[in-house]
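These notes concern the structure reproduced below.
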Amino acid sequence: MHSEPFDYLVIGAGPAGLQLGHLLQTAGHTYRILEGGDAPGTFFRTFPRHRTLISSNKVYNGTSDPELNLRMDWNSLLSPDPELLFSRYSKRYFPPADDFVRYLADFAGTLKLDIAYDTRAVRVSRGADDTFTVTDQHGREHHARRLVVATGLTRPNTPHIPGIETAEDYSVVSVDPDEFTNQRVLILGKGNSALETADNLIETAAVIHVAGPHSIRLAWNTHYVGHLRAVNNNFLDTYQLKSQNALLDGDALAIEQDDEGYLVRFSFSRADEVVKELRYDRVIVCTGFRFDASMFDPEVEPELVIDDRFAALTPAYESVNVPGLYFAGTLMQQRDFKKSTGGFIHGFRYAVRALSHILDERHHDQPWPHRAVAPEASALAESVVERVNRSSALWQQFAVIGDLLVTPPGEPARYHEEVPVAYAHESVLAQQGDYFTITLEYGPDHDKVDPFDITVRRVAQNSVGDAFDASYLHPVIRHFRDGELLGIHHMAENLENEWDHPEVHRAPLAAFFARELNTRPVATGR
């Protein structure tokens, strides 16, 4: 057994903690994962409450390429073991949560990850030598040079409404619809947990009101999978087709419980802030979760942002005010909040892999892996075409994680895969010459376009083959020098996401590289 301090302590044996543990173990670093439960994935034993995941599990994709299949697999963690794919555990497109719990246990066991169970972190402190100390509920101390928090969002994000403590929280409310027969129910919140709860009660509740101050945003329109998913929006039909259910836009001002149930004062934002008192039998709070920072001593307490729901992170996923304190998993979404997939397994598994490279680079003198590419326009274009047509990381973490192509004068180009774009600009990699970022992105106004409107043009290229006006997912290549944007090329979108047509994709991309390479400083001898 390794003596402490470890290189790393990881708090939480959920999917992010397991993913990072595997990567640290593979790299030969000393680590231990601290888990409060008696098995991995404690959160998923309870949530989602109705026990069906909304993370896609598309098993049959017409290809045997494991990398392409990961584009349709939102649940698997990254490992070289082909048996450790979630598709081996369920064929359901929206799989049971209990299958995922079983998968996480097998992932940890098969890879023999170092996990201390029944070890709940209750205090985090730091000594004079900068070593982190984590004290568990039994009073035992665990020490490491660096700390990674992978606990997820574990505290209810309860709004400040007088009387809300009398309502029922999503985490504990009954999921038996028969208990709501013929009742009037108010659900606070307009996200997936709220609509999942409403959908469960459609057949038995007399009236269901789903309430909140913000507009509902649909994931198929915004491309943010945390917005309302179609699988949870049956309730919207019952509202618009007059089945006694409704969305209430505005704020609950007060909740009063009495012998008859609840009396709720509600201010309607779309009716000139008219306030009405509404009677309900049940009030359920489904307003999401937040990060629990209560375990940190004041000198190592991370700065919080986004209504204090998340720790503020640098592009390296490190606390902005506590050096050596990193975050993994859904907590990484602070960097791309409601813009990409950093809050979900199919996104953060790649961010965690990027974090492992960042840790290697910063603390173990291990440079980011790369391969050499001939410094000619045609070779650079081919390397990009190959990657954008296969990479699952660029596909899942659109606009946030990209490839980095560095072109120092007089040397072969260096192709680095899966680098967080924000980190690339400040890393040592970008100091080695001109560089290009390669990402998959939607158009800037993609969430303002109705994807089902047939009057919206889908393909637009200018005279040099740049699809500057594409709305759907497509490759974007940007040229930088010293952080300054010098050029940009949009590859044309494609129905089947195949960006390899000789005239439409390859030739314009090669021409772009040829133009941009001609702007580089000329290498000089010494």
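Going by the structure tokens order, chains are called A, B, ..., each with residues numbered from 1, while ligands are numbered from 1 in the order shown.
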Just the strand (DSSP E) stuff from range 353-461 of chain A, please, per backbone DSSP, written as a PyMOL selection string. chain A and resi 371-373+401-407+413-420+434-441
Taking only residues of range 403-471 of chain A that have an atom at most 12 Å from an atom of range 220-233 of chain A, what is each one's shortest atom pair and its distance in Å to one decimal, using only C-alpha atoms, in chain and number order, as CSV?
```
residue,atom,partner,partner_atom,distance
A:Glu441,CA,A:His223,CA,10.6
A:Tyr442,CA,A:His223,CA,8.6
A:Gly443,CA,A:His223,CA,11.1
A:Pro444,CA,A:Thr222,CA,11.1
A:Asp445,CA,A:Thr222,CA,9.5
A:His446,CA,A:Thr222,CA,7.0
A:Asp447,CA,A:Thr222,CA,4.4
A:Lys448,CA,A:Asn221,CA,7.8
A:Val449,CA,A:Asn221,CA,7.5
A:Asp450,CA,A:Asn221,CA,6.7
A:Pro451,CA,A:Asn221,CA,6.8
A:Phe452,CA,A:Asn221,CA,9.3
A:Asp453,CA,A:Asn221,CA,11.4
A:Ser471,CA,A:His223,CA,11.2
```
Write a file of the selected residues as a JSON list (two decimals), in the first residue's frame, keeping N, CA, C and O atoms.
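Saved file selection-v4.json follows:
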```json
[["chain", "number", "residue", "atom", "x", "y", "z"],
["A", 441, "GLU", "N", -18.82, 22.95, -34.28],
["A", 441, "GLU", "CA", -19.65, 23.99, -33.69],
["A", 441, "GLU", "C", -20.96, 24.13, -34.45],
["A", 441, "GLU", "O", -21.05, 23.83, -35.64],
["A", 442, "TYR", "N", -21.95, 24.62, -33.72],
["A", 442, "TYR", "CA", -23.17, 25.10, -34.36],
["A", 442, "TYR", "C", -22.96, 26.56, -34.74],
["A", 442, "TYR", "O", -22.03, 27.22, -34.25],
["A", 443, "GLY", "N", -23.81, 27.08, -35.60],
["A", 443, "GLY", "CA", -23.73, 28.49, -35.97],
["A", 443, "GLY", "C", -24.04, 29.39, -34.79],
["A", 443, "GLY", "O", -24.68, 28.97, -33.82],
["A", 444, "PRO", "N", -23.60, 30.64, -34.83],
["A", 444, "PRO", "CA", -23.78, 31.54, -33.68],
["A", 444, "PRO", "C", -25.23, 31.79, -33.32],
["A", 444, "PRO", "O", -25.54, 32.11, -32.18],
["A", 445, "ASP", "N", -26.14, 31.67, -34.26],
["A", 445, "ASP", "CA", -27.56, 31.89, -33.99],
["A", 445, "ASP", "C", -28.36, 30.59, -34.05],
["A", 445, "ASP", "O", -29.57, 30.62, -34.30],
["A", 446, "HIS", "N", -27.69, 29.46, -33.81],
["A", 446, "HIS", "CA", -28.35, 28.18, -33.98],
["A", 446, "HIS", "C", -29.56, 28.03, -33.07],
["A", 446, "HIS", "O", -30.55, 27.38, -33.43],
["A", 447, "ASP", "N", -29.50, 28.61, -31.86],
["A", 447, "ASP", "CA", -30.62, 28.46, -30.93],
["A", 447, "ASP", "C", -31.75, 29.44, -31.20],
["A", 447, "ASP", "O", -32.76, 29.44, -30.50],
["A", 448, "LYS", "N", -31.57, 30.29, -32.20],
["A", 448, "LYS", "CA", -32.62, 31.24, -32.59],
["A", 448, "LYS", "C", -33.31, 30.80, -33.88],
["A", 448, "LYS", "O", -34.21, 31.49, -34.38],
["A", 449, "VAL", "N", -32.88, 29.68, -34.42],
["A", 449, "VAL", "CA", -33.43, 29.17, -35.68],
["A", 449, "VAL", "C", -34.31, 27.97, -35.40],
["A", 449, "VAL", "O", -33.91, 27.06, -34.66],
["A", 450, "ASP", "N", -35.51, 27.95, -35.95],
["A", 450, "ASP", "CA", -36.39, 26.79, -35.83],
["A", 450, "ASP", "C", -35.85, 25.71, -36.75],
["A", 450, "ASP", "O", -35.88, 25.86, -37.98],
["A", 451, "PRO", "N", -35.35, 24.60, -36.20],
["A", 451, "PRO", "CA", -34.75, 23.57, -37.06],
["A", 451, "PRO", "C", -35.75, 22.88, -37.98],
["A", 451, "PRO", "O", -35.35, 22.17, -38.90],
["A", 452, "PHE", "N", -37.04, 23.09, -37.72],
["A", 452, "PHE", "CA", -38.07, 22.45, -38.55],
["A", 452, "PHE", "C", -38.70, 23.42, -39.56],
["A", 452, "PHE", "O", -39.64, 23.07, -40.26],
["A", 453, "ASP", "N", -38.18, 24.65, -39.62],
["A", 453, "ASP", "CA", -38.68, 25.65, -40.55],
["A", 453, "ASP", "C", -38.03, 25.44, -41.91],
["A", 453, "ASP", "O", -36.84, 25.68, -42.08],
["A", 471, "SER", "N", -25.76, 26.74, -39.77],
["A", 471, "SER", "CA", -26.39, 26.73, -38.44],
["A", 471, "SER", "C", -26.16, 25.41, -37.73],
["A", 471, "SER", "O", -26.03, 25.37, -36.51]]
```
Using only C-alpha atoms, find each residue of range 147-191 of chain A with at least one atom at most 12 Å away from an atom of range 109-124 of chain A; report its shortest atom-to-atom pair and that distance in Å (one decimal), sort the rows by chain and rising residue number, and return the result as CSV.
```
residue,atom,partner,partner_atom,distance
A:Leu147,CA,A:Val124,CA,9.4
A:Val148,CA,A:Val124,CA,11.4
A:Val149,CA,A:Ala121,CA,10.3
A:Ala150,CA,A:Ala121,CA,11.5
A:Thr151,CA,A:Ala121,CA,9.9
```
Can you tell me, as a list in words, what residues are no more than 10 Å from Pro375 in chain A when counting only C-alpha atoms, ignoring any on the same chain fewer than 3 positions away?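 The residues that qualify are Ala372, Ser378, Ala379, Leu380, Val406, Thr407, Pro408, Pro409, Gly410, Glu411, Pro412, Ala413, Arg414, Phe513 and Leu517 of chain A.
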Counting only C-alpha atoms, the residue of A:Arg88, A:Arg126, A:His209, A:Arg309 that sits nearest Gly152 in chain A: A:Arg309
Please identify all polymer residues within 10 Å of Gln244 in chain A, counting only C-alpha atoms, omitting same-chain residues fewer than 6 positions from it, and present them as an MDAnalysis selection string. chainID A and resid 205:209 238
Excluding range 258-269 of chain A and any residue of its chain fewer than 4 positions from it, enumerate the residues within 12 Å of it, using only C-alpha atoms, and give them as an MDAnalysis selection string. chainID A and resid 161:164 166:168 183:188 209 211:215 247:254 273:284
Next, write the just-selected residues to a file, as an mmCIF file, in the first residue's frame, keeping C-alpha atoms as the atom set.
```
data_model
loop_
_atom_site.group_PDB
_atom_site.id
_atom_site.type_symbol
_atom_site.label_atom_id
_atom_site.label_comp_id
_atom_site.auth_asym_id
_atom_site.auth_seq_id
_atom_site.Cartn_x
_atom_site.Cartn_y
_atom_site.Cartn_z
ATOM 1 C CA ILE A 161 -39.502 31.665 -0.834
ATOM 2 C CA PRO A 162 -41.202 32.083 2.548
ATOM 3 C CA GLY A 163 -42.737 28.755 3.540
ATOM 4 C CA ILE A 164 -40.863 26.644 0.982
ATOM 5 C CA THR A 166 -43.109 23.029 4.111
ATOM 6 C CA ALA A 167 -43.128 21.812 0.501
ATOM 7 C CA GLU A 168 -41.865 18.427 -0.690
ATOM 8 C CA GLN A 183 -55.186 16.255 -6.279
ATOM 9 C CA ARG A 184 -54.135 19.749 -7.330
ATOM 10 C CA VAL A 185 -50.330 19.821 -7.596
ATOM 11 C CA LEU A 186 -47.913 22.733 -7.968
ATOM 12 C CA ILE A 187 -44.406 21.895 -9.217
ATOM 13 C CA LEU A 188 -41.794 24.631 -8.818
ATOM 14 C CA HIS A 209 -49.243 23.569 -12.561
ATOM 15 C CA ALA A 211 -44.197 27.190 -12.394
ATOM 16 C CA GLY A 212 -41.057 29.279 -12.669
ATOM 17 C CA PRO A 213 -39.777 32.729 -13.644
ATOM 18 C CA HIS A 214 -37.956 31.649 -16.807
ATOM 19 C CA SER A 215 -39.127 30.508 -20.213
ATOM 20 C CA LEU A 247 -47.381 26.424 -17.132
ATOM 21 C CA LEU A 248 -47.256 29.420 -14.809
ATOM 22 C CA ASP A 249 -44.743 32.121 -15.753
ATOM 23 C CA GLY A 250 -43.650 34.137 -12.755
ATOM 24 C CA ASP A 251 -42.636 33.843 -9.119
ATOM 25 C CA ALA A 252 -44.077 32.113 -6.096
ATOM 26 C CA LEU A 253 -44.035 34.856 -3.458
ATOM 27 C CA ALA A 254 -45.087 32.785 -0.448
ATOM 28 C CA GLU A 273 -47.261 41.079 -12.244
ATOM 29 C CA VAL A 274 -50.826 40.321 -11.162
ATOM 30 C CA VAL A 275 -50.737 38.407 -7.862
ATOM 31 C CA LYS A 276 -53.197 35.586 -7.243
ATOM 32 C CA GLU A 277 -53.671 33.159 -4.402
ATOM 33 C CA LEU A 278 -53.838 29.581 -5.652
ATOM 34 C CA ARG A 279 -54.921 26.530 -3.705
ATOM 35 C CA TYR A 280 -53.058 23.191 -3.954
ATOM 36 C CA ASP A 281 -53.008 19.838 -2.207
ATOM 37 C CA ARG A 282 -49.292 19.316 -2.813
ATOM 38 C CA VAL A 283 -46.308 21.541 -3.634
ATOM 39 C CA ILE A 284 -43.163 19.902 -5.025
#
```
Which of range 65-267 of chain A counts as alpha helix (DSSP H) under DSSP, as a ChimeraX atom specification please? /A:66-69,97-110,192-201,219-222,234-240
For range 310-361 of chain A versus range 57-73 of chain A, which residues have an atom no more than 12 Å away, and what is each residue's nearest atom pair and distance in Å rounded to one decimal, using only C-alpha atoms, chain-then-number order, as a tab-separated table?
```
residue	atom	partner	partner_atom	distance
A:Phe344	CA	A:Asp73	CA	11.9
A:Ile345	CA	A:Asp73	CA	9.7
A:His346	CA	A:Asp73	CA	7.3
A:Gly347	CA	A:Arg71	CA	10.3
A:Arg349	CA	A:Leu70	CA	11.0
A:Tyr350	CA	A:Leu70	CA	11.1
```
